[in-house]
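Here is protein-v7.tsv, consisting of TSV, C-alpha atoms (C1' of nucleotides):
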```tsv
chain	number	residue	atom	x	y	z
A	1	MET	CA	3.21	-6.59	1.37
A	2	PRO	CA	3.03	-3.66	-0.93
A	3	GLU	CA	3.34	-0.61	1.26
A	4	LEU	CA	6.02	2.05	0.89
A	5	PRO	CA	9.00	-0.13	1.95
A	6	ASP	CA	7.91	-2.98	-0.31
A	7	VAL	CA	7.44	-0.71	-3.32
A	8	GLU	CA	10.81	0.94	-2.64
A	9	THR	CA	12.41	-2.51	-2.53
A	10	TRP	CA	10.88	-3.35	-5.91
A	11	ARG	CA	11.98	-0.04	-7.31
A	12	ARG	CA	15.56	-0.92	-6.41
A	13	TYR	CA	15.06	-4.40	-7.82
A	14	LEU	CA	13.88	-2.94	-11.11
A	15	ASP	CA	16.87	-0.55	-11.12
A	16	ALA	CA	19.23	-3.46	-10.55
A	17	THR	CA	17.78	-5.62	-13.31
A	18	ALA	CA	15.70	-4.02	-16.02
A	19	LEU	CA	17.09	-0.57	-16.91
A	20	HIS	CA	18.29	0.47	-20.36
A	21	GLN	CA	16.90	-2.53	-22.22
A	22	GLU	CA	14.84	-2.10	-25.36
A	23	VAL	CA	11.23	-3.26	-25.05
A	24	ASP	CA	10.30	-5.72	-27.76
A	25	LEU	CA	6.70	-6.44	-26.85
A	26	VAL	CA	4.25	-6.41	-23.97
A	27	ARG	CA	1.83	-9.17	-23.05
A	28	VAL	CA	-1.14	-8.55	-20.76
A	29	PRO	CA	-3.01	-11.80	-20.09
A	30	ALA	CA	-5.14	-10.03	-17.45
A	31	PRO	CA	-6.08	-6.66	-19.01
A	32	LYS	CA	-8.33	-5.97	-16.02
A	33	VAL	CA	-5.33	-4.38	-14.26
A	34	LEU	CA	-4.92	-1.75	-16.95
A	35	VAL	CA	-6.32	1.67	-16.13
A	36	GLY	CA	-6.93	4.14	-18.95
A	37	THR	CA	-5.22	2.01	-21.57
A	38	THR	CA	-5.46	-1.31	-23.39
A	39	PRO	CA	-2.97	-4.09	-24.09
A	40	GLN	CA	-2.50	-2.57	-27.55
A	41	GLY	CA	-2.10	0.93	-26.13
A	42	LEU	CA	0.46	-0.23	-23.60
A	43	GLY	CA	2.37	-2.15	-26.27
A	44	HIS	CA	2.39	0.87	-28.54
A	45	ALA	CA	3.63	3.14	-25.71
A	46	LEU	CA	6.45	0.80	-24.66
A	47	LYS	CA	7.69	-0.86	-27.82
A	48	GLY	CA	11.18	0.28	-28.80
A	49	ARG	CA	11.60	2.26	-25.58
A	50	ARG	CA	13.85	1.71	-22.56
A	51	ILE	CA	13.29	2.37	-18.87
A	52	ASP	CA	15.98	4.85	-17.93
A	53	GLU	CA	15.00	5.89	-14.42
A	54	THR	CA	12.52	5.03	-11.68
A	55	TYR	CA	10.68	6.98	-9.00
A	56	ARG	CA	8.36	6.12	-6.19
A	57	HIS	CA	5.60	8.15	-4.61
A	58	GLY	CA	3.79	6.42	-1.77
A	59	LYS	CA	2.84	2.98	-3.01
A	60	TYR	CA	3.22	3.85	-6.70
A	61	LEU	CA	6.25	2.95	-8.79
A	62	PHE	CA	7.04	5.05	-11.87
A	63	ALA	CA	9.31	3.78	-14.62
A	64	ARG	CA	10.38	6.63	-16.89
A	65	LEU	CA	10.58	5.69	-20.54
A	66	ASP	CA	13.41	7.20	-22.52
A	67	THR	CA	12.41	10.40	-24.31
A	68	ASP	CA	9.18	10.88	-22.36
A	69	GLY	CA	6.33	9.36	-20.35
A	70	HIS	CA	6.10	6.88	-17.52
A	71	LEU	CA	4.82	3.40	-16.88
A	72	VAL	CA	3.00	3.45	-13.53
A	73	LEU	CA	2.73	0.31	-11.38
A	74	HIS	CA	0.60	-0.22	-8.31
A	75	PHE	CA	0.78	-3.57	-6.56
A	76	GLY	CA	-2.58	-3.82	-4.83
A	77	MET	CA	-2.45	-6.31	-1.98
A	78	THR	CA	-0.42	-9.07	-3.56
A	79	GLY	CA	1.51	-7.76	-6.54
A	80	GLN	CA	5.16	-8.43	-7.17
A	81	LEU	CA	7.87	-8.06	-9.82
A	82	ARG	CA	10.12	-10.73	-11.23
A	83	TYR	CA	12.88	-10.31	-13.76
A	84	SER	CA	14.01	-13.33	-15.71
A	85	ARG	CA	16.79	-13.65	-18.22
A	86	ALA	CA	16.49	-15.14	-21.65
A	87	GLY	CA	15.51	-18.78	-21.50
A	88	GLU	CA	14.00	-18.71	-18.04
A	89	SER	CA	10.35	-18.73	-18.84
A	90	ASP	CA	7.70	-17.76	-16.38
A	91	CYS	CA	4.20	-17.71	-17.68
A	92	ASP	CA	1.63	-16.94	-15.01
A	93	ALA	CA	2.25	-13.20	-15.03
A	94	THR	CA	-0.56	-10.65	-15.04
A	95	ALA	CA	1.52	-8.56	-17.41
A	96	CYS	CA	4.93	-9.11	-18.92
A	97	ILE	CA	7.43	-6.86	-20.66
A	98	HIS	CA	9.66	-8.72	-23.11
A	99	PHE	CA	12.98	-7.06	-23.89
A	100	SER	CA	14.79	-7.55	-27.16
A	101	ASN	CA	17.71	-9.15	-25.27
A	102	GLY	CA	15.32	-11.98	-24.41
A	103	ALA	CA	14.84	-11.02	-20.77
A	104	GLN	CA	11.41	-10.39	-19.29
A	105	LEU	CA	9.98	-8.30	-16.50
A	106	HIS	CA	6.90	-9.91	-14.98
A	107	TYR	CA	4.24	-8.08	-13.03
A	108	ILE	CA	2.39	-10.70	-11.02
A	109	ALA	CA	-0.84	-9.77	-9.22
A	110	PRO	CA	-2.67	-13.00	-8.40
A	111	ARG	CA	-5.73	-11.20	-7.04
A	112	LYS	CA	-5.71	-8.62	-9.82
A	113	LEU	CA	-6.23	-5.74	-7.41
A	114	GLY	CA	-3.18	-3.92	-8.74
A	115	HIS	CA	-3.10	-1.33	-11.49
A	116	ILE	CA	-0.93	-0.53	-14.47
A	117	ALA	CA	-1.23	2.86	-16.14
A	118	LEU	CA	0.62	5.36	-18.31
A	119	SER	CA	1.30	8.90	-17.23
A	120	GLY	CA	3.09	11.85	-18.74
A	121	SER	CA	4.52	13.09	-15.47
A	122	VAL	CA	4.90	11.90	-11.90
A	123	ASN	CA	3.58	15.18	-10.50
A	124	GLY	CA	0.59	15.09	-12.83
A	125	PHE	CA	-0.29	11.59	-11.71
A	126	VAL	CA	0.08	12.49	-8.03
A	127	ALA	CA	-2.14	15.54	-8.49
A	128	ALA	CA	-4.77	13.66	-10.49
A	129	HIS	CA	-5.02	11.02	-7.77
A	130	GLN	CA	-4.92	13.67	-5.03
A	131	LEU	CA	-2.13	11.85	-3.23
A	132	GLY	CA	-0.57	13.50	-0.20
A	133	PRO	CA	3.20	13.97	0.08
A	134	ASP	CA	5.31	10.83	0.15
A	135	ALA	CA	5.52	9.72	3.78
A	136	LEU	CA	9.33	9.73	3.80
A	137	SER	CA	9.52	13.30	2.52
A	138	ILE	CA	7.61	14.83	5.43
A	139	ASP	CA	9.51	16.91	7.99
A	140	ALA	CA	8.28	17.64	11.52
A	141	GLU	CA	6.74	20.96	10.54
A	142	ARG	CA	4.79	19.55	7.62
A	143	PHE	CA	3.72	16.60	9.75
A	144	ALA	CA	2.15	18.95	12.27
A	145	GLU	CA	0.35	20.82	9.49
A	146	LEU	CA	-1.17	17.60	8.19
A	147	VAL	CA	-3.02	17.17	11.50
A	148	GLN	CA	-4.86	20.47	11.13
A	149	GLY	CA	-8.60	20.08	10.76
A	150	ARG	CA	-8.46	16.27	11.02
A	151	HIS	CA	-10.32	13.98	13.37
A	152	GLY	CA	-10.89	10.27	13.82
A	153	ALA	CA	-8.46	7.50	14.75
A	154	VAL	CA	-4.74	8.15	14.33
A	155	LYS	CA	-4.31	4.84	12.49
A	156	SER	CA	-6.82	5.85	9.81
A	157	TRP	CA	-5.08	9.20	9.49
A	158	LEU	CA	-1.71	7.53	8.87
A	159	MET	CA	-3.27	5.25	6.25
A	160	ASN	CA	-5.13	8.01	4.38
A	161	GLN	CA	-3.28	8.33	1.06
A	162	HIS	CA	-4.76	11.79	0.48
A	163	ILE	CA	-3.04	13.05	3.64
A	164	MET	CA	0.28	11.24	3.24
A	165	ALA	CA	1.14	8.51	0.76
A	166	GLY	CA	2.77	5.15	1.44
A	167	ILE	CA	1.54	3.78	4.76
A	168	GLY	CA	-0.84	0.82	4.89
A	169	ASN	CA	-2.23	-1.49	7.52
A	170	VAL	CA	0.96	-3.32	8.53
A	171	TYR	CA	3.29	-0.32	8.77
A	172	SER	CA	0.72	1.90	10.48
A	173	ASP	CA	0.58	-0.74	13.23
A	174	GLU	CA	4.38	-0.80	13.39
A	175	ILE	CA	4.71	2.99	13.57
A	176	LEU	CA	2.08	3.26	16.31
A	177	PHE	CA	3.73	0.46	18.27
A	178	GLN	CA	7.15	2.15	18.11
A	179	ALA	CA	5.56	5.46	19.15
A	180	ARG	CA	3.61	3.68	21.94
A	181	ILE	CA	0.32	5.13	20.74
A	182	HIS	CA	-2.95	3.19	20.64
A	183	PRO	CA	-4.35	2.81	17.09
A	184	ARG	CA	-7.72	4.29	18.10
A	185	HIS	CA	-6.19	7.35	19.74
A	186	GLN	CA	-7.89	10.43	18.31
A	187	VAL	CA	-5.58	12.35	16.01
A	188	LYS	CA	-7.01	15.62	17.37
A	189	ALA	CA	-5.94	14.61	20.88
A	190	LEU	CA	-2.24	14.21	20.02
A	191	ASP	CA	-0.10	16.62	22.03
A	192	SER	CA	3.22	17.96	20.77
A	193	ASP	CA	5.16	15.10	22.40
A	194	GLY	CA	2.87	12.52	20.81
A	195	LEU	CA	3.20	14.18	17.44
A	196	ARG	CA	6.99	14.26	17.72
A	197	ASP	CA	7.16	10.59	18.76
A	198	LEU	CA	4.86	9.60	15.90
A	199	HIS	CA	6.88	11.52	13.33
A	200	GLU	CA	10.15	10.03	14.56
A	201	ALA	CA	8.68	6.52	14.58
A	202	LEU	CA	7.38	6.97	11.04
A	203	HIS	CA	10.85	7.69	9.69
A	204	GLU	CA	12.61	5.09	11.81
A	205	VAL	CA	10.17	2.34	10.88
A	206	LEU	CA	10.04	3.03	7.15
A	207	GLU	CA	13.80	3.45	6.84
A	208	ALA	CA	14.56	0.31	8.84
A	209	ALA	CA	12.04	-1.66	6.78
A	210	ILE	CA	13.62	-0.48	3.52
A	211	GLU	CA	17.04	-1.35	4.94
A	212	ALA	CA	15.71	-4.86	5.62
A	213	GLY	CA	14.45	-5.12	2.04
A	214	ALA	CA	10.89	-5.18	3.47
A	215	ASP	CA	11.61	-8.73	4.63
A	216	PRO	CA	9.99	-9.38	8.07
A	217	ASP	CA	12.78	-11.85	8.94
A	218	ARG	CA	15.37	-9.08	8.61
A	219	MET	CA	13.56	-6.40	10.63
A	220	PRO	CA	14.97	-5.16	13.97
A	221	GLU	CA	14.25	-7.30	17.06
A	222	SER	CA	12.08	-4.56	18.49
A	223	PHE	CA	9.59	-4.69	15.60
A	224	LEU	CA	5.99	-5.79	16.07
A	225	LEU	CA	5.70	-7.00	12.49
A	226	PRO	CA	7.03	-10.57	12.89
A	227	HIS	CA	4.78	-11.07	15.95
A	228	ARG	CA	1.71	-9.67	14.25
A	229	ARG	CA	-0.35	-12.85	14.22
A	230	GLU	CA	-2.63	-15.00	16.37
A	231	GLY	CA	-0.90	-15.86	19.64
A	232	GLY	CA	1.85	-13.27	19.15
A	233	HIS	CA	3.59	-11.53	22.07
A	234	CYS	CA	4.92	-8.01	22.47
A	235	PRO	CA	8.66	-7.93	21.66
A	236	CYS	CA	9.04	-5.22	24.31
A	237	CYS	CA	7.11	-6.43	27.39
A	238	GLY	CA	5.97	-9.93	26.45
A	239	ALA	CA	2.25	-9.24	26.87
A	240	ASP	CA	-0.24	-11.01	24.60
A	241	LEU	CA	-0.90	-8.84	21.56
A	242	ASP	CA	-4.45	-7.66	21.01
A	243	THR	CA	-6.46	-6.69	17.93
A	244	THR	CA	-9.12	-4.11	17.32
A	245	ARG	CA	-11.01	-2.99	14.26
A	246	VAL	CA	-10.09	0.48	13.00
A	247	GLY	CA	-11.47	1.91	9.77
A	248	GLY	CA	-12.57	-1.53	8.61
A	249	ARG	CA	-9.15	-3.14	9.08
A	250	THR	CA	-7.55	-5.18	11.80
A	251	ALA	CA	-5.09	-3.29	14.00
A	252	TRP	CA	-2.54	-5.26	16.06
A	253	PHE	CA	-1.15	-3.61	19.16
A	254	CYS	CA	0.23	-4.24	22.64
A	255	PRO	CA	-2.39	-3.40	25.27
A	256	ARG	CA	0.31	-2.75	27.87
A	257	CYS	CA	2.74	-0.61	25.82
A	258	GLN	CA	0.00	1.24	23.90
A	259	PRO	CA	-2.72	2.07	26.42
A	260	LEU	CA	-5.70	4.06	25.15
A	261	SER	CA	-5.52	7.29	27.10
B	1	DA	C1'	-18.33	-22.84	4.56
B	2	DG	C1'	-17.19	-18.60	6.30
B	3	DG	C1'	-14.00	-15.28	7.62
B	4	DT	C1'	-9.84	-12.86	6.61
B	5	DA	C1'	-6.19	-10.76	3.72
B	6	DT	C1'	-0.74	-5.94	3.07
B	7	DG	C1'	-4.72	-2.46	-1.89
B	8	DT	C1'	-8.07	1.66	-3.76
B	9	DT	C1'	-12.45	3.67	-4.77
B	10	DA	C1'	-17.41	4.71	-4.82
B	11	DA	C1'	-21.17	5.21	-1.88
B	12	DT	C1'	-22.86	6.50	2.47
B	13	DT	C1'	-22.99	8.86	6.77
B	14	DG	C1'	-22.04	12.67	9.94
C	1	DG	C1'	-19.22	20.76	0.63
C	2	DC	C1'	-16.04	18.35	3.41
C	3	DA	C1'	-14.22	14.56	6.13
C	4	DA	C1'	-14.70	9.95	7.94
C	5	DT	C1'	-16.55	5.39	7.62
C	6	DT	C1'	-18.22	1.40	5.11
C	7	DA	C1'	-18.98	-1.76	1.12
C	8	DA	C1'	-17.33	-3.62	-2.94
C	9	DC	C1'	-13.85	-5.34	-5.76
C	10	DA	C1'	-10.86	-10.66	-7.24
C	11	DT	C1'	-8.78	-14.42	-5.51
C	12	DA	C1'	-6.33	-17.44	-2.10
C	13	DC	C1'	-5.90	-19.48	2.19
C	14	DC	C1'	-7.05	-21.19	6.96
```
Can you present the structure in this file as structure tokens?
Amino acid sequence: MPELPDVETWRRYLDATALHQEVDLVRVPAPKVLVGTTPQGLGHALKGRRIDETYRHGKYLFARLDTDGHLVLHFGMTGQLRYSRAGESDCDATACIHFSNGAQLHYIAPRKLGHIALSGSVNGFVAAHQLGPDALSIDAERFAELVQGRHGAVKSWLMNQHIMAGIGNVYSDEILFQARIHPRHQVKALDSDGLRDLHEALHEVLEAAIEAGADPDRMPESFLLPHRREGGHCPCCGADLDTTRVGGRTAWFCPRCQPLS
DNA sequence: AGGTATGTTAATTG
DNA sequence: GCAATTAACATACC
């Protein structure tokens, strides 16, 4: 799940539950997810501090610690957050922040492909990881600039975090479906109409998905996402959906609505 | 048992 | 040297 809309949904969840509470201690049963720090280092950085604000850039969630510094969370393919109040215990977390009010914030990444790090500044982290601009911050002009000098399949371009940050396999399929563009269409071959449709679809899809709390059951009727499985049909024309391999990942699309031109 | 899975990154190829 | 593609990573599920 964890693409831009999912991470934004967790950011809001964190805002609604875990702000302004003093950290008592941090447990990290699976230290493998830590990048550039240790369980002790993380504990030292967080103890006695409070999260006072959150940010998101692409698929990364930043929790600003009061006075200075940020906790950085990345969810990999399966990560999630869960806040529990005092008394509700929940022990199979990958990492867990215990607050002095007894509540806990669990970071659960069953496949341990996620990452937890510390960073002084959001911009510094983004620069160090060479992330492109957040997908939702891109206007039509910038979008057109990002195509310059690029080649290959449009789906891979959308998913390249160095070009723009936040779009993964599921939402790139959704954006291309709404724009009626085949996932293997060459990004160089996009004309100005195609570029405009793609940019509009990007914003519409990501904003609608956030509005739905990134829950497939709450997405608009017209979305491909809930039909994106074996035997699924196009919500627009009813054709059997098809798959193809693009950049090592499975792309779902409607062969009738998204012809390869 | 083998293939697939929403993530990134290092290695490889063009 | 750059950009694009592929393999590897850890674990769960069908």
Within 12 Å of chain B: each chain A residue with its shortest pair, only C-alpha atoms (C1' of nucleotides), as JSON lines:
```
{"residue": "A:Met1", "atom": "CA", "partner": "B:DT6", "partner_atom": "C1'", "distance": 4.3}
{"residue": "A:Pro2", "atom": "CA", "partner": "B:DT6", "partner_atom": "C1'", "distance": 6.0}
{"residue": "A:Glu3", "atom": "CA", "partner": "B:DT6", "partner_atom": "C1'", "distance": 7.0}
{"residue": "A:Leu4", "atom": "CA", "partner": "B:DT6", "partner_atom": "C1'", "distance": 10.7}
{"residue": "A:Pro5", "atom": "CA", "partner": "B:DT6", "partner_atom": "C1'", "distance": 11.4}
{"residue": "A:Asp6", "atom": "CA", "partner": "B:DT6", "partner_atom": "C1'", "distance": 9.7}
{"residue": "A:Val7", "atom": "CA", "partner": "B:DT6", "partner_atom": "C1'", "distance": 11.6}
{"residue": "A:Lys59", "atom": "CA", "partner": "B:DG7", "partner_atom": "C1'", "distance": 9.4}
{"residue": "A:Tyr60", "atom": "CA", "partner": "B:DG7", "partner_atom": "C1'", "distance": 11.2}
{"residue": "A:His74", "atom": "CA", "partner": "B:DG7", "partner_atom": "C1'", "distance": 8.6}
{"residue": "A:Phe75", "atom": "CA", "partner": "B:DG7", "partner_atom": "C1'", "distance": 7.3}
{"residue": "A:Gly76", "atom": "CA", "partner": "B:DG7", "partner_atom": "C1'", "distance": 3.9}
{"residue": "A:Met77", "atom": "CA", "partner": "B:DG7", "partner_atom": "C1'", "distance": 4.5}
{"residue": "A:Thr78", "atom": "CA", "partner": "B:DT6", "partner_atom": "C1'", "distance": 7.3}
{"residue": "A:Gly79", "atom": "CA", "partner": "B:DG7", "partner_atom": "C1'", "distance": 9.4}
{"residue": "A:Ala109", "atom": "CA", "partner": "B:DG7", "partner_atom": "C1'", "distance": 11.1}
{"residue": "A:Arg111", "atom": "CA", "partner": "B:DG7", "partner_atom": "C1'", "distance": 10.2}
{"residue": "A:Lys112", "atom": "CA", "partner": "B:DG7", "partner_atom": "C1'", "distance": 10.1}
{"residue": "A:Leu113", "atom": "CA", "partner": "B:DG7", "partner_atom": "C1'", "distance": 6.6}
{"residue": "A:Gly114", "atom": "CA", "partner": "B:DG7", "partner_atom": "C1'", "distance": 7.2}
{"residue": "A:His115", "atom": "CA", "partner": "B:DT8", "partner_atom": "C1'", "distance": 9.7}
{"residue": "A:His129", "atom": "CA", "partner": "B:DT8", "partner_atom": "C1'", "distance": 10.6}
{"residue": "A:Leu131", "atom": "CA", "partner": "B:DT8", "partner_atom": "C1'", "distance": 11.8}
{"residue": "A:Met159", "atom": "CA", "partner": "B:DG7", "partner_atom": "C1'", "distance": 11.3}
{"residue": "A:Asn160", "atom": "CA", "partner": "B:DT8", "partner_atom": "C1'", "distance": 10.7}
{"residue": "A:Gln161", "atom": "CA", "partner": "B:DT8", "partner_atom": "C1'", "distance": 9.5}
{"residue": "A:His162", "atom": "CA", "partner": "B:DT8", "partner_atom": "C1'", "distance": 11.5}
{"residue": "A:Gly166", "atom": "CA", "partner": "B:DG7", "partner_atom": "C1'", "distance": 11.2}
{"residue": "A:Ile167", "atom": "CA", "partner": "B:DT6", "partner_atom": "C1'", "distance": 10.1}
{"residue": "A:Gly168", "atom": "CA", "partner": "B:DT6", "partner_atom": "C1'", "distance": 7.0}
{"residue": "A:Asn169", "atom": "CA", "partner": "B:DT6", "partner_atom": "C1'", "distance": 6.5}
{"residue": "A:Val170", "atom": "CA", "partner": "B:DT6", "partner_atom": "C1'", "distance": 6.3}
{"residue": "A:Tyr171", "atom": "CA", "partner": "B:DT6", "partner_atom": "C1'", "distance": 9.0}
{"residue": "A:Ser172", "atom": "CA", "partner": "B:DT6", "partner_atom": "C1'", "distance": 10.9}
{"residue": "A:Asp173", "atom": "CA", "partner": "B:DT6", "partner_atom": "C1'", "distance": 11.5}
{"residue": "A:Ala214", "atom": "CA", "partner": "B:DT6", "partner_atom": "C1'", "distance": 11.7}
{"residue": "A:Leu225", "atom": "CA", "partner": "B:DT6", "partner_atom": "C1'", "distance": 11.5}
{"residue": "A:Gly248", "atom": "CA", "partner": "B:DT4", "partner_atom": "C1'", "distance": 11.8}
{"residue": "A:Arg249", "atom": "CA", "partner": "B:DA5", "partner_atom": "C1'", "distance": 9.8}
{"residue": "A:Thr250", "atom": "CA", "partner": "B:DT4", "partner_atom": "C1'", "distance": 9.5}
```
Give me, as an MDAnalysis selection string, the contact residues of chain C against chain A at a cut-off of 9 Å, counting only C-alpha atoms (C1' of nucleotides).
-> chainID C and resid 3:6 9:12
Distance CA of Gly194 in chain A-CA of Ala208 in chain A, one decimal place?
-> 20.7 Å
Hey, what's within 8 Å of Phe177 in chain A if we count only C-alpha atoms (C1' of nucleotides) and toss same-chain stuff fewer than 6 positions away? As a ChimeraX atom specification, please?
-> /A:224,253-254,257-258
Would you mind reading off the distance between CA of Leu25 in chain A and CA of His44 in chain A, one decimal, in Å?
-> 8.7 Å
Could you work out how far CA of Gly58 in chain A lies from C1' of DA8 in chain C, giving the answer in Å with one decimal?
-> 23.4 Å
If we count all atoms listed in the file, what is near Pro133 in chain A at a cut-off of 8 Å, once residues fewer than 5 positions away on the same chain are taken out, given as JSON, numbers by chain?
-> {"A": [57, 58, 138, 163, 164, 165]}
Contacts of Leu81 in chain A at 12 Å (all atoms listed in the file; same-chain gap of 4+ positions) as a PyMOL selection string = chain A and resi 2+6-15+17-18+61+73-75+90+93-97+104-110+114
Taking N, CA, C and O atoms as the atom set, what does range 47-59 of chain A look like once completed, written as an mmCIF file, in the coordinates of the input?
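Everything below was put into part_20.cif:
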```cif
data_model
loop_
_atom_site.group_PDB
_atom_site.id
_atom_site.type_symbol
_atom_site.label_atom_id
_atom_site.label_comp_id
_atom_site.auth_asym_id
_atom_site.auth_seq_id
_atom_site.Cartn_x
_atom_site.Cartn_y
_atom_site.Cartn_z
ATOM 1 N N LYS A 47 6.864 -0.206 -26.828
ATOM 2 C CA LYS A 47 7.690 -0.860 -27.820
ATOM 3 C C LYS A 47 8.812 0.055 -28.332
ATOM 4 O O LYS A 47 8.565 1.204 -28.678
ATOM 5 N N GLY A 48 10.031 -0.478 -28.315
ATOM 6 C CA GLY A 48 11.180 0.280 -28.800
ATOM 7 C C GLY A 48 11.771 1.230 -27.771
ATOM 8 O O GLY A 48 12.794 1.862 -28.021
ATOM 9 N N ARG A 49 11.128 1.341 -26.606
ATOM 10 C CA ARG A 49 11.600 2.260 -25.580
ATOM 11 C C ARG A 49 12.408 1.519 -24.525
ATOM 12 O O ARG A 49 12.398 0.297 -24.465
ATOM 13 N N ARG A 50 13.090 2.282 -23.670
ATOM 14 C CA ARG A 50 13.850 1.710 -22.560
ATOM 15 C C ARG A 50 13.462 2.429 -21.281
ATOM 16 O O ARG A 50 13.172 3.620 -21.312
ATOM 17 N N ILE A 51 13.492 1.724 -20.180
ATOM 18 C CA ILE A 51 13.290 2.370 -18.870
ATOM 19 C C ILE A 51 14.629 2.966 -18.477
ATOM 20 O O ILE A 51 15.628 2.247 -18.410
ATOM 21 N N ASP A 52 14.675 4.279 -18.256
ATOM 22 C CA ASP A 52 15.980 4.850 -17.930
ATOM 23 C C ASP A 52 16.084 5.330 -16.485
ATOM 24 O O ASP A 52 17.172 5.632 -16.010
ATOM 25 N N GLU A 53 14.953 5.412 -15.807
ATOM 26 C CA GLU A 53 15.000 5.890 -14.420
ATOM 27 C C GLU A 53 13.695 5.506 -13.729
ATOM 28 O O GLU A 53 12.671 5.364 -14.384
ATOM 29 N N THR A 54 13.751 5.361 -12.413
ATOM 30 C CA THR A 54 12.520 5.030 -11.680
ATOM 31 C C THR A 54 12.314 6.000 -10.531
ATOM 32 O O THR A 54 13.254 6.608 -10.024
ATOM 33 N N TYR A 55 11.046 6.141 -10.146
ATOM 34 C CA TYR A 55 10.680 6.980 -9.000
ATOM 35 C C TYR A 55 9.633 6.218 -8.220
ATOM 36 O O TYR A 55 8.990 5.303 -8.728
ATOM 37 N N ARG A 56 9.437 6.668 -6.990
ATOM 38 C CA ARG A 56 8.360 6.120 -6.190
ATOM 39 C C ARG A 56 7.671 7.256 -5.477
ATOM 40 O O ARG A 56 8.324 8.190 -5.002
ATOM 41 N N HIS A 57 6.353 7.209 -5.455
ATOM 42 C CA HIS A 57 5.600 8.150 -4.610
ATOM 43 C C HIS A 57 4.578 7.315 -3.858
ATOM 44 O O HIS A 57 3.704 6.702 -4.477
ATOM 45 N N GLY A 58 4.688 7.271 -2.550
ATOM 46 C CA GLY A 58 3.790 6.420 -1.770
ATOM 47 C C GLY A 58 3.947 4.978 -2.214
ATOM 48 O O GLY A 58 5.048 4.436 -2.259
ATOM 49 N N LYS A 59 2.838 4.387 -2.610
ATOM 50 C CA LYS A 59 2.840 2.980 -3.010
ATOM 51 C C LYS A 59 2.911 2.817 -4.530
ATOM 52 O O LYS A 59 2.730 1.713 -5.038
#
```
